[in-house]
file run-v9.txt (compact mmCIF, N, CA and C atoms)
# COMPACT_ATOMS: atom_id res chain seq x y z
N MET N 13 78.16 121.47 65.02
CA MET N 13 79.47 121.16 65.53
C MET N 13 80.51 121.55 64.49
N SER N 14 81.69 121.86 64.93
CA SER N 14 82.76 122.12 63.97
C SER N 14 84.03 121.45 64.47
N ASP N 15 84.89 121.06 63.53
CA ASP N 15 86.15 120.43 63.92
C ASP N 15 87.20 121.51 64.14
N ILE N 16 88.45 121.12 64.35
CA ILE N 16 89.52 122.09 64.65
C ILE N 16 89.83 123.01 63.49
N HIS N 17 89.42 122.66 62.29
CA HIS N 17 89.68 123.48 61.11
C HIS N 17 88.50 124.40 60.79
N GLY N 18 87.46 124.41 61.61
CA GLY N 18 86.32 125.27 61.37
C GLY N 18 85.30 124.71 60.42
N LYS N 19 85.48 123.50 59.96
CA LYS N 19 84.52 122.89 59.05
C LYS N 19 83.34 122.35 59.87
N GLN N 20 82.19 122.48 59.30
CA GLN N 20 80.98 121.98 59.97
C GLN N 20 80.90 120.46 59.81
N GLU N 21 80.60 119.79 60.92
CA GLU N 21 80.36 118.35 60.89
C GLU N 21 78.88 118.11 61.07
N VAL N 22 78.39 117.16 60.41
CA VAL N 22 76.98 116.82 60.53
C VAL N 22 76.89 115.48 61.27
N ALA N 23 76.16 115.50 62.37
CA ALA N 23 76.00 114.26 63.13
C ALA N 23 74.96 113.39 62.44
N THR N 24 75.21 112.12 62.39
CA THR N 24 74.26 111.19 61.80
C THR N 24 73.16 110.89 62.81
N ARG N 25 72.06 110.36 62.32
CA ARG N 25 70.97 109.99 63.22
C ARG N 25 71.43 108.97 64.25
N ALA N 26 72.25 108.06 63.85
CA ALA N 26 72.76 107.04 64.77
C ALA N 26 73.56 107.68 65.89
N GLU N 27 74.39 108.70 65.55
CA GLU N 27 75.19 109.37 66.58
C GLU N 27 74.29 110.13 67.55
N ILE N 28 73.28 110.82 67.02
CA ILE N 28 72.35 111.56 67.89
C ILE N 28 71.57 110.58 68.76
N SER N 29 71.09 109.51 68.15
CA SER N 29 70.34 108.50 68.88
C SER N 29 71.19 107.90 69.99
N HIS N 30 72.45 107.67 69.70
CA HIS N 30 73.37 107.11 70.68
C HIS N 30 73.53 108.06 71.88
N ARG N 31 73.55 109.36 71.64
CA ARG N 31 73.70 110.33 72.72
C ARG N 31 72.41 110.52 73.51
N VAL N 32 71.26 110.47 72.83
CA VAL N 32 69.98 110.76 73.46
C VAL N 32 69.40 109.56 74.19
N THR N 33 69.59 108.37 73.66
CA THR N 33 68.98 107.18 74.22
C THR N 33 69.25 106.98 75.71
N PRO N 34 70.48 107.11 76.22
CA PRO N 34 70.68 106.93 77.66
C PRO N 34 69.90 107.95 78.50
N ILE N 35 69.75 109.16 77.99
CA ILE N 35 68.99 110.18 78.73
C ILE N 35 67.52 109.77 78.80
N TRP N 36 66.97 109.34 77.68
CA TRP N 36 65.57 108.92 77.67
C TRP N 36 65.34 107.70 78.54
N ARG N 37 66.29 106.79 78.55
CA ARG N 37 66.16 105.63 79.44
C ARG N 37 66.11 106.06 80.88
N LEU N 38 66.97 106.98 81.26
CA LEU N 38 67.00 107.49 82.63
C LEU N 38 65.69 108.19 82.97
N VAL N 39 65.19 109.01 82.06
CA VAL N 39 63.92 109.71 82.29
C VAL N 39 62.78 108.70 82.43
N CYS N 40 62.74 107.70 81.57
CA CYS N 40 61.67 106.70 81.64
C CYS N 40 61.73 105.89 82.94
N VAL N 41 62.91 105.51 83.35
CA VAL N 41 63.06 104.76 84.60
C VAL N 41 62.63 105.61 85.79
N ALA N 42 63.03 106.88 85.81
CA ALA N 42 62.64 107.78 86.90
C ALA N 42 61.13 107.97 86.93
N LEU N 43 60.51 108.15 85.77
CA LEU N 43 59.07 108.32 85.68
C LEU N 43 58.34 107.06 86.14
N LEU N 44 58.79 105.93 85.70
CA LEU N 44 58.18 104.67 86.11
C LEU N 44 58.29 104.46 87.62
N ALA N 45 59.45 104.76 88.18
CA ALA N 45 59.63 104.63 89.63
C ALA N 45 58.68 105.56 90.38
N SER N 46 58.49 106.76 89.88
CA SER N 46 57.58 107.70 90.53
C SER N 46 56.15 107.19 90.49
N VAL N 47 55.72 106.71 89.33
CA VAL N 47 54.36 106.21 89.18
C VAL N 47 54.14 105.00 90.08
N LEU N 48 55.07 104.07 90.11
CA LEU N 48 54.92 102.89 90.96
C LEU N 48 54.93 103.27 92.44
N GLY N 49 55.76 104.22 92.80
CA GLY N 49 55.79 104.68 94.19
C GLY N 49 54.48 105.30 94.60
N MET N 50 53.91 106.13 93.73
CA MET N 50 52.62 106.76 94.04
C MET N 50 51.52 105.72 94.11
N ALA N 51 51.55 104.75 93.21
CA ALA N 51 50.52 103.71 93.21
C ALA N 51 50.57 102.89 94.49
N SER N 52 51.77 102.58 94.97
CA SER N 52 51.87 101.79 96.20
C SER N 52 51.36 102.58 97.40
N VAL N 53 51.60 103.89 97.42
CA VAL N 53 51.08 104.72 98.51
C VAL N 53 49.57 104.78 98.45
N LEU N 54 49.01 104.94 97.25
CA LEU N 54 47.56 105.00 97.11
C LEU N 54 46.91 103.69 97.49
N ILE N 55 47.52 102.58 97.10
CA ILE N 55 46.95 101.27 97.43
C ILE N 55 47.06 101.01 98.93
N ALA N 56 48.19 101.30 99.52
CA ALA N 56 48.38 101.05 100.96
C ALA N 56 47.48 101.94 101.79
N GLY N 57 47.23 103.16 101.35
CA GLY N 57 46.42 104.08 102.12
C GLY N 57 44.98 104.15 101.67
N ALA N 58 44.57 103.24 100.81
CA ALA N 58 43.20 103.27 100.31
C ALA N 58 42.23 102.88 101.41
N PRO N 59 41.15 103.62 101.53
CA PRO N 59 40.18 103.29 102.57
C PRO N 59 39.42 102.01 102.24
N ALA N 60 38.93 101.36 103.29
CA ALA N 60 38.10 100.18 103.10
C ALA N 60 36.74 100.63 102.58
N SER N 61 35.89 99.67 102.24
CA SER N 61 34.55 100.01 101.75
C SER N 61 33.77 100.80 102.78
N ALA N 62 32.85 101.63 102.28
CA ALA N 62 32.05 102.48 103.16
C ALA N 62 31.23 101.64 104.14
N VAL N 63 31.17 102.12 105.37
CA VAL N 63 30.42 101.49 106.45
C VAL N 63 29.45 102.55 106.97
N THR N 64 28.39 102.12 107.64
CA THR N 64 27.43 103.10 108.18
C THR N 64 27.34 102.98 109.69
N ASP N 65 27.08 104.13 110.33
CA ASP N 65 26.86 104.19 111.77
C ASP N 65 26.29 105.56 112.09
N GLN N 66 25.30 105.61 112.96
CA GLN N 66 24.70 106.86 113.44
C GLN N 66 24.20 107.74 112.28
N GLY N 67 23.79 107.12 111.17
CA GLY N 67 23.27 107.87 110.04
C GLY N 67 24.32 108.38 109.08
N PHE N 68 25.58 108.08 109.34
CA PHE N 68 26.67 108.52 108.47
C PHE N 68 27.29 107.33 107.76
N THR N 69 27.80 107.55 106.56
CA THR N 69 28.66 106.57 105.91
C THR N 69 30.10 107.03 106.13
N TYR N 70 30.98 106.08 106.30
CA TYR N 70 32.38 106.44 106.53
C TYR N 70 33.29 105.35 105.99
N ASP N 71 34.53 105.71 105.75
CA ASP N 71 35.55 104.78 105.30
C ASP N 71 36.54 104.59 106.43
N GLU N 72 37.04 103.38 106.58
CA GLU N 72 38.09 103.11 107.56
C GLU N 72 39.43 103.36 106.91
N LEU N 73 40.26 104.19 107.53
CA LEU N 73 41.56 104.51 106.98
C LEU N 73 42.57 104.60 108.12
N ASN N 74 43.52 103.69 108.14
CA ASN N 74 44.58 103.67 109.16
C ASN N 74 44.03 103.73 110.57
N GLY N 75 42.99 102.96 110.83
CA GLY N 75 42.43 102.89 112.18
C GLY N 75 41.55 104.07 112.57
N THR N 76 41.15 104.88 111.60
CA THR N 76 40.27 106.02 111.87
C THR N 76 39.09 105.99 110.91
N ALA N 77 38.08 106.79 111.21
CA ALA N 77 36.90 106.91 110.35
C ALA N 77 36.98 108.21 109.57
N VAL N 78 36.76 108.13 108.27
CA VAL N 78 36.71 109.31 107.40
C VAL N 78 35.27 109.43 106.94
N VAL N 79 34.58 110.49 107.38
CA VAL N 79 33.17 110.68 107.04
C VAL N 79 33.04 110.84 105.53
N ALA N 80 32.18 109.98 104.93
CA ALA N 80 31.98 110.00 103.48
C ALA N 80 30.65 110.64 103.09
N GLY N 81 29.72 110.77 104.04
CA GLY N 81 28.43 111.37 103.75
C GLY N 81 27.36 110.88 104.71
N CYS N 82 26.12 111.07 104.32
CA CYS N 82 24.99 110.62 105.12
C CYS N 82 24.43 109.33 104.54
N GLU N 83 23.89 108.50 105.42
CA GLU N 83 23.31 107.23 104.99
C GLU N 83 22.11 107.49 104.08
N GLU N 84 21.30 108.46 104.43
CA GLU N 84 20.18 108.89 103.62
C GLU N 84 20.38 110.38 103.36
N GLU N 85 19.30 111.12 103.09
CA GLU N 85 19.44 112.55 102.86
C GLU N 85 19.91 113.23 104.14
N CYS N 86 20.89 114.10 104.01
CA CYS N 86 21.44 114.78 105.19
C CYS N 86 20.48 115.84 105.70
N PRO N 87 20.40 115.96 107.03
CA PRO N 87 19.57 117.03 107.60
C PRO N 87 20.24 118.39 107.38
N GLY N 88 19.50 119.46 107.64
CA GLY N 88 20.04 120.82 107.46
C GLY N 88 21.20 121.11 108.38
N THR N 89 21.15 120.59 109.60
CA THR N 89 22.22 120.80 110.57
C THR N 89 22.85 119.45 110.90
N LEU N 90 24.15 119.37 110.77
CA LEU N 90 24.87 118.12 111.04
C LEU N 90 25.71 118.27 112.29
N ILE N 91 25.71 117.24 113.09
CA ILE N 91 26.64 117.15 114.22
C ILE N 91 27.46 115.89 113.97
N ILE N 92 28.73 116.09 113.65
CA ILE N 92 29.61 114.95 113.36
C ILE N 92 30.08 114.37 114.69
N PRO N 93 29.82 113.08 114.93
CA PRO N 93 30.28 112.47 116.18
C PRO N 93 31.80 112.32 116.21
N SER N 94 32.33 112.17 117.39
CA SER N 94 33.78 112.02 117.53
C SER N 94 34.24 110.61 117.16
N THR N 95 33.31 109.65 117.23
CA THR N 95 33.64 108.28 116.82
C THR N 95 32.52 107.73 115.95
N LEU N 96 32.89 106.86 115.04
CA LEU N 96 31.95 106.10 114.22
C LEU N 96 32.41 104.66 114.23
N GLY N 97 31.52 103.76 114.62
CA GLY N 97 31.89 102.34 114.67
C GLY N 97 33.09 102.10 115.56
N SER N 98 33.20 102.80 116.64
CA SER N 98 34.29 102.73 117.64
C SER N 98 35.63 103.26 117.13
N LEU N 99 35.64 103.84 115.93
CA LEU N 99 36.86 104.44 115.38
C LEU N 99 36.80 105.96 115.55
N PRO N 100 37.90 106.58 115.93
CA PRO N 100 37.89 108.04 116.02
C PRO N 100 37.74 108.67 114.63
N VAL N 101 36.91 109.71 114.54
CA VAL N 101 36.74 110.41 113.26
C VAL N 101 37.96 111.29 113.05
N SER N 102 38.66 111.07 111.94
CA SER N 102 39.89 111.82 111.67
C SER N 102 39.67 112.97 110.70
N ARG N 103 38.69 112.84 109.82
CA ARG N 103 38.44 113.90 108.83
C ARG N 103 37.14 113.66 108.12
N ILE N 104 36.77 114.65 107.31
CA ILE N 104 35.59 114.56 106.46
C ILE N 104 36.09 114.56 105.02
N ALA N 105 35.66 113.59 104.25
CA ALA N 105 36.10 113.49 102.85
C ALA N 105 35.67 114.73 102.08
N PRO N 106 36.50 115.22 101.13
CA PRO N 106 36.19 116.43 100.37
C PRO N 106 34.83 116.39 99.67
N SER N 107 34.40 115.22 99.23
CA SER N 107 33.13 115.14 98.50
C SER N 107 32.00 114.57 99.36
N ALA N 108 32.16 114.63 100.68
CA ALA N 108 31.21 113.99 101.60
C ALA N 108 29.80 114.51 101.48
N PHE N 109 29.61 115.79 101.38
CA PHE N 109 28.26 116.35 101.40
C PHE N 109 27.95 117.15 100.14
N VAL N 110 28.53 116.72 99.04
CA VAL N 110 28.29 117.40 97.76
C VAL N 110 27.06 116.86 97.10
call {"tool": "encode", "arguments": {"input": "run-v9.txt", "output": "structure tokens"}}
result
Amino acid sequence: MSDIHGKQEVATRAEISHRVTPIWRLVCVALLASVLGMASVLIAGAPASAVTDQGFTYDELNGTAVVAGCEEECPGTLIIPSTLGSLPVSRIAPSAFV
């Protein structure tokens, strides 16, 4: 920084801290709000414990069944039913048959 006479001014740590602190507070509050928002979505949308039906394990999620895998070893050919435990099958979990 320089003043009107062209002389260099040196900012003290307290002055820099005073300028930076509100920005960091804003960043921290925004980050915390994001994390809490994501956590509430994950908790609200978390599937119930795995249930079994017709040889498949599945999770209940928002009134639907999400196929989680086979109850025992999966056969070579799978036919996924349209319902499990009277719930419509909405999807297959990414790690269902790994």
call {"tool": "residues_around", "arguments": {"input": "run-v9.txt", "residues": "stretch 67-83 of chain N", "least_positions_apart": "4", "cutoff": "5 Å", "atoms": "only N, CA and C atoms", "output": "short mmCIF file (atom, residue, chain, number, x, y, z; two decimals) with N, CA and C atoms, keeping the file's coordinate frame"}}
result
data_model
loop_
_atom_site.label_atom_id
_atom_site.label_comp_id
_atom_site.auth_asym_id
_atom_site.auth_seq_id
_atom_site.Cartn_x
_atom_site.Cartn_y
_atom_site.Cartn_z
N PRO N 59 41.15 103.62 101.53
CA PRO N 59 40.18 103.29 102.57
C PRO N 59 39.42 102.01 102.24
N ALA N 60 38.93 101.36 103.29
CA ALA N 60 38.10 100.18 103.10
C ALA N 60 36.74 100.63 102.58
N ALA N 62 32.85 101.63 102.28
CA ALA N 62 32.05 102.48 103.16
C ALA N 62 31.23 101.64 104.14
N VAL N 63 31.17 102.12 105.37
CA VAL N 63 30.42 101.49 106.45
C VAL N 63 29.45 102.55 106.97
N LEU N 99 35.64 103.84 115.93
CA LEU N 99 36.86 104.44 115.38
C LEU N 99 36.80 105.96 115.55
N PRO N 100 37.90 106.58 115.93
CA PRO N 100 37.89 108.04 116.02
C PRO N 100 37.74 108.67 114.63
N VAL N 101 36.91 109.71 114.54
CA VAL N 101 36.74 110.41 113.26
C VAL N 101 37.96 111.29 113.05
N SER N 102 38.66 111.07 111.94
CA SER N 102 39.89 111.82 111.67
C SER N 102 39.67 112.97 110.70
N ARG N 103 38.69 112.84 109.82
CA ARG N 103 38.44 113.90 108.83
C ARG N 103 37.14 113.66 108.12
N ILE N 104 36.77 114.65 107.31
CA ILE N 104 35.59 114.56 106.46
C ILE N 104 36.09 114.56 105.02
N ALA N 105 35.66 113.59 104.25
CA ALA N 105 36.10 113.49 102.85
C ALA N 105 35.67 114.73 102.08
N ALA N 108 32.16 114.63 100.68
CA ALA N 108 31.21 113.99 101.60
C ALA N 108 29.80 114.51 101.48
#
call {"tool": "atom_distance", "arguments": {"input": "run-v9.txt", "atom1": "atom CA of N:Val110", "atom2": "atom C of N:Ser98"}}
result
25.1 Å
call {"tool": "atom_distance", "arguments": {"input": "run-v9.txt", "atom1": "atom CA of N:Ser94", "atom2": "atom CA of N:Gln66"}}
result
11.2 Å
call {"tool": "atom_distance", "arguments": {"input": "run-v9.txt", "atom1": "atom CA of N:Ile91", "atom2": "atom CA of N:Ser107"}}
result
17.1 Å
